[in-house]
2 protein chains.
Amino acid sequence: MASSAPEPPSPRAREIVAAARALLEEQGADALSMRRLADRLGIRAPSIYKHLPDKRSLEAALISEAFEETAVAFAAAVEGAEEPLVALAAAYRDFARGHPHLYRLMTERPLARELLAPGAEARAAQPLLDAVGGDADRARAAWAFAHGMTILELNGRFPPGADLDAAWRRGLEALASEVEPQP
Amino acid sequence: MASSAPEPPSPRAREIVAAARALLEEQGADALSMRRLADRLGIRAPSIYKHLPDKRSLEAALISEAFEETAVAFAAAVEGAEEPLVALAAAYRDFARGHPHLYRLMTERPLARELLAPGAEARAAQPLLDAVGGDADRARAAWAFAHGMTILELNGRFPPGADLDAAWRRGLEALASEVEPQP
DNA sequence: TTGACTTGGCTAACAGTGTTAGCTAGACTC
DNA sequence: GAGTCTAGCTAACACTGTTAGCCAAGTCAA
């Protein structure tokens with residue numbers, strides 16, 4: 001039933017994924033075609049299928065890798081921070097701005113979880129849960145806010161002169177504190 | 001320099017856009033190809049180009065239409081509401097759940113603003129600005145939160161059992177009130 | 001050393017995508 | 001009636017992901 005257990009990638013598969021990463025980051029998702037990827041590797045597109053079952057798994061490998069990187073970056077940002085949520089938000093935004101195409105790939109479609117490295121998604125999410133003291137509702141609201149700000153900015157959806165730093169601050173202030181129980 | 005002024009669509013063009021809307025809503029973005037659209041209209045794909053310059057404009061027409069619809073729905077939701085931001089958020093979420101493929105089309109890529117009906121985007125945004133009393137920073141933070149919750153839900157990114165109503169409430173409570181100036 | 005098997009390339013091909021060029025039947029207009 | 005415009009058509013191009021089948025080179029066991 002599961003389409004394919006995520007076998008540990010061979011060295012050659014890892015080379016291919018690395019080339020795909022470079023291609024994606026340099027030229028965006030539209031440029032990440034099997035033929036262009038093969039070109040970059042000096043081989044023909046069908047040869048890629050000797051190492052990876054299909055394009056979905058290639059993308060899943062990129063996403064797994066990105067989850068591991070964000071897990072490290074976010075944990076470092078939260079560690080010892082005075083305002084963990086603010087620090088985490090800054091790290092989140094930095095990652096997305098530094099890797100816009102990768103960030104889009106990670107978020108814009110339903111996740112092929114069965115193809116990801118087990119636990120990668122959870123490891124990336126852990127620093128946020130820590131930052132809000134385990135309050136899952138607050139964590140989800142904060143993630144939604146951060147993702148919304150990020151993707152709307154990446155997609156150029158805010159007006160040109162908009163002060164996005166101010167909007168980030170406004171949202172984080174609102175979400176930073178515990179909510180008092182309703183009287 | 002501008003790729004093409006958005007000429008007022010001919011009646012036939014409007015029929016084509018209507019068929020595209022139905023196709024999109026029923027079967028999703030992947031199904032919205034020029035050939036499948038032509039099939040539904042009983043013609044061949046190249047004939048569509050007699051009425052619309054390209055697929056981008058077709059999508060832009062769908063997005064314009066959706067902006068007009070949301071402008072009406074959101075204005076109605078805010079009008080006379082006790083908690084305008086909460087009412088607006090409910091209307092926003094309802095629209096996205098009722099038209100998930102259309103919502104994705106509207107938000108997932110940079111907007112081809114030059115192809116949209118002039119003012120459509122602004123009309124759709126106005127109710128939010130009203131709901132937050134003209135505070136642009138709060139409006140952007142609220143939009144980001146709502147879009148984040150919406151698209152992460154549509155993409156199945158929250159864990160299966162997650163109480164999203166609670167996360168929505170948590171975020172809206174935080175964003176509903178003015179922020180007191182920092183002491 | 002030889003024979004068998006595996007690895008990792010290759011070409012050719014298929015069905016699908018958006019799009020363009022060029023043809024034409026019919027309707028409309030002077 | 002002649003000319004022109006409209007809205008369809010077929011054929012084709014350059015792409016996309018993917019499969020089938022071939023083959024040279026390397027590995028390994030008898």
# chains A, B, ... in the order shown; residues from 1 in each chain; ligands from 1

call {"tool": "closest_atom_pairs", "arguments": {"of": "chain B", "to": "chain C", "cutoff": "9 Å", "atoms": "only C-alpha atoms (C1' of nucleotides)", "output": "tab-separated table"}}
result
residue	atom	partner	partner_atom	distance
B:Ser33	CA	C:DT17	C1'	7.6
B:Met34	CA	C:DG18	C1'	7.6
B:Pro46	CA	C:DT19	C1'	7.9
B:Tyr49	CA	C:DT19	C1'	8.9
B:Asp54	CA	C:DT19	C1'	8.2
B:Lys55	CA	C:DG18	C1'	7.8

call {"tool": "interface_residues", "arguments": {"of": "chain B", "to": "chain A", "cutoff": "8 Å", "atoms": "only C-alpha atoms", "output": "tab-separated table (two decimals) with C-alpha atoms, in the first residue's frame"}}
result
chain	number	residue	atom	x	y	z
B	108	GLU	CA	-0.15	30.17	-4.44
B	109	ARG	CA	1.72	32.15	-7.05
B	110	PRO	CA	2.73	35.74	-7.60
B	111	LEU	CA	-0.27	37.71	-8.84
B	137	ASP	CA	0.06	46.39	10.20
B	138	ARG	CA	-2.69	44.59	12.05
B	140	ARG	CA	-1.38	42.30	7.30
B	141	ALA	CA	-0.72	40.25	10.40
B	142	ALA	CA	-4.33	39.07	10.45
B	143	TRP	CA	-4.29	38.22	6.76
B	144	ALA	CA	-1.05	36.30	7.15
B	145	PHE	CA	-2.49	34.36	10.05
B	146	ALA	CA	-5.71	33.57	8.20
B	147	HIS	CA	-3.93	32.58	5.01
B	148	GLY	CA	-1.44	30.47	6.92
B	149	MET	CA	-4.15	28.60	8.82
B	152	LEU	CA	-1.79	24.71	5.87
B	155	ASN	CA	-2.54	21.15	2.31
B	156	GLY	CA	-3.03	18.74	5.19
B	157	ARG	CA	-0.02	20.06	7.04
B	158	PHE	CA	-1.46	20.00	10.56
B	163	ASP	CA	-8.00	21.12	16.95
B	164	LEU	CA	-7.86	23.82	14.32
B	166	ALA	CA	-8.83	26.22	18.84
B	167	ALA	CA	-5.81	27.46	16.90
B	168	TRP	CA	-8.00	29.87	14.93
B	170	ARG	CA	-6.15	31.52	19.77
B	171	GLY	CA	-4.79	33.56	16.89
B	174	ALA	CA	-4.42	37.65	20.02
B	175	LEU	CA	-4.96	39.80	16.96
B	179	VAL	CA	-1.81	46.55	21.24

call {"tool": "atom_distance", "arguments": {"atom1": "CA of Ala20 (chain B)", "atom2": "CA of Ala60 (chain B)"}}
result
11.5 Å

call {"tool": "residues_around", "arguments": {"residues": "Ala29 (chain B)", "least_positions_apart": "5", "cutoff": "12 Å", "atoms": "only C-alpha atoms (C1' of nucleotides)", "output": "PyMOL selection string"}}
result
chain B and resi 20-24+34+36-37+59+62+99-106+108

call {"tool": "interface_residues", "arguments": {"of": "chain D", "to": "chain A", "cutoff": "12 Å", "atoms": "only C-alpha atoms (C1' of nucleotides)", "output": "NGL selection string"}}
result
:D and (15-20)

call {"tool": "write_last_selection", "arguments": {"atoms": "C-alpha atoms (C1' of nucleotides)", "output": "PDB file, in the first residue's frame"}}
result
ATOM      1  C1'  DC D  15       8.617  20.898 -23.658  1.00  0.00           C
ATOM      2  C1'  DT D  16       7.223  17.534 -19.454  1.00  0.00           C
ATOM      3  C1'  DG D  17       7.586  12.760 -16.636  1.00  0.00           C
ATOM      4  C1'  DT D  18       8.198   8.135 -17.491  1.00  0.00           C
ATOM      5  C1'  DT D  19       8.830   3.212 -19.472  1.00  0.00           C
ATOM      6  C1'  DA D  20      10.930  -0.489 -22.299  1.00  0.00           C
TER       7       DA D  20
END

call {"tool": "decode", "arguments": {"residues": "chain D", "atoms": "C-alpha atoms (C1' of nucleotides)", "output": "PDB file, in the first residue's frame"}}
result
ATOM      1  C1'  DG D   1     -22.180  39.369 -55.596  1.00  0.00           C
ATOM      2  C1'  DA D   2     -17.522  40.558 -53.476  1.00  0.00           C
ATOM      3  C1'  DG D   3     -14.876  41.226 -49.615  1.00  0.00           C
ATOM      4  C1'  DT D   4     -13.967  40.722 -44.836  1.00  0.00           C
ATOM      5  C1'  DC D   5     -14.277  38.987 -40.326  1.00  0.00           C
ATOM      6  C1'  DT D   6     -15.237  35.163 -36.962  1.00  0.00           C
ATOM      7  C1'  DA D   7     -14.460  30.994 -34.963  1.00  0.00           C
ATOM      8  C1'  DG D   8     -13.629  26.831 -35.736  1.00  0.00           C
ATOM      9  C1'  DC D   9     -10.111  23.203 -37.567  1.00  0.00           C
ATOM     10  C1'  DT D  10      -5.442  20.217 -38.328  1.00  0.00           C
ATOM     11  C1'  DA D  11      -0.589  19.816 -37.965  1.00  0.00           C
ATOM     12  C1'  DA D  12       3.209  20.812 -35.666  1.00  0.00           C
ATOM     13  C1'  DC D  13       6.871  22.343 -32.121  1.00  0.00           C
ATOM     14  C1'  DA D  14       9.205  22.252 -27.914  1.00  0.00           C
ATOM     15  C1'  DC D  15       8.617  20.898 -23.658  1.00  0.00           C
ATOM     16  C1'  DT D  16       7.223  17.534 -19.454  1.00  0.00           C
ATOM     17  C1'  DG D  17       7.586  12.760 -16.636  1.00  0.00           C
ATOM     18  C1'  DT D  18       8.198   8.135 -17.491  1.00  0.00           C
ATOM     19  C1'  DT D  19       8.830   3.212 -19.472  1.00  0.00           C
ATOM     20  C1'  DA D  20      10.930  -0.489 -22.299  1.00  0.00           C
ATOM     21  C1'  DG D  21      14.642  -2.511 -23.905  1.00  0.00           C
ATOM     22  C1'  DC D  22      19.588  -2.621 -25.235  1.00  0.00           C
ATOM     23  C1'  DC D  23      24.471  -2.886 -23.989  1.00  0.00           C
ATOM     24  C1'  DA D  24      29.328  -2.108 -22.197  1.00  0.00           C
ATOM     25  C1'  DA D  25      31.907  -2.553 -18.189  1.00  0.00           C
ATOM     26  C1'  DG D  26      32.690  -4.302 -13.620  1.00  0.00           C
ATOM     27  C1'  DT D  27      32.243  -7.908 -10.003  1.00  0.00           C
ATOM     28  C1'  DC D  28      32.372 -12.335  -8.307  1.00  0.00           C
ATOM     29  C1'  DA D  29      32.225 -17.375  -7.988  1.00  0.00           C
ATOM     30  C1'  DA D  30      33.444 -21.794  -9.723  1.00  0.00           C
TER      31       DA D  30
END
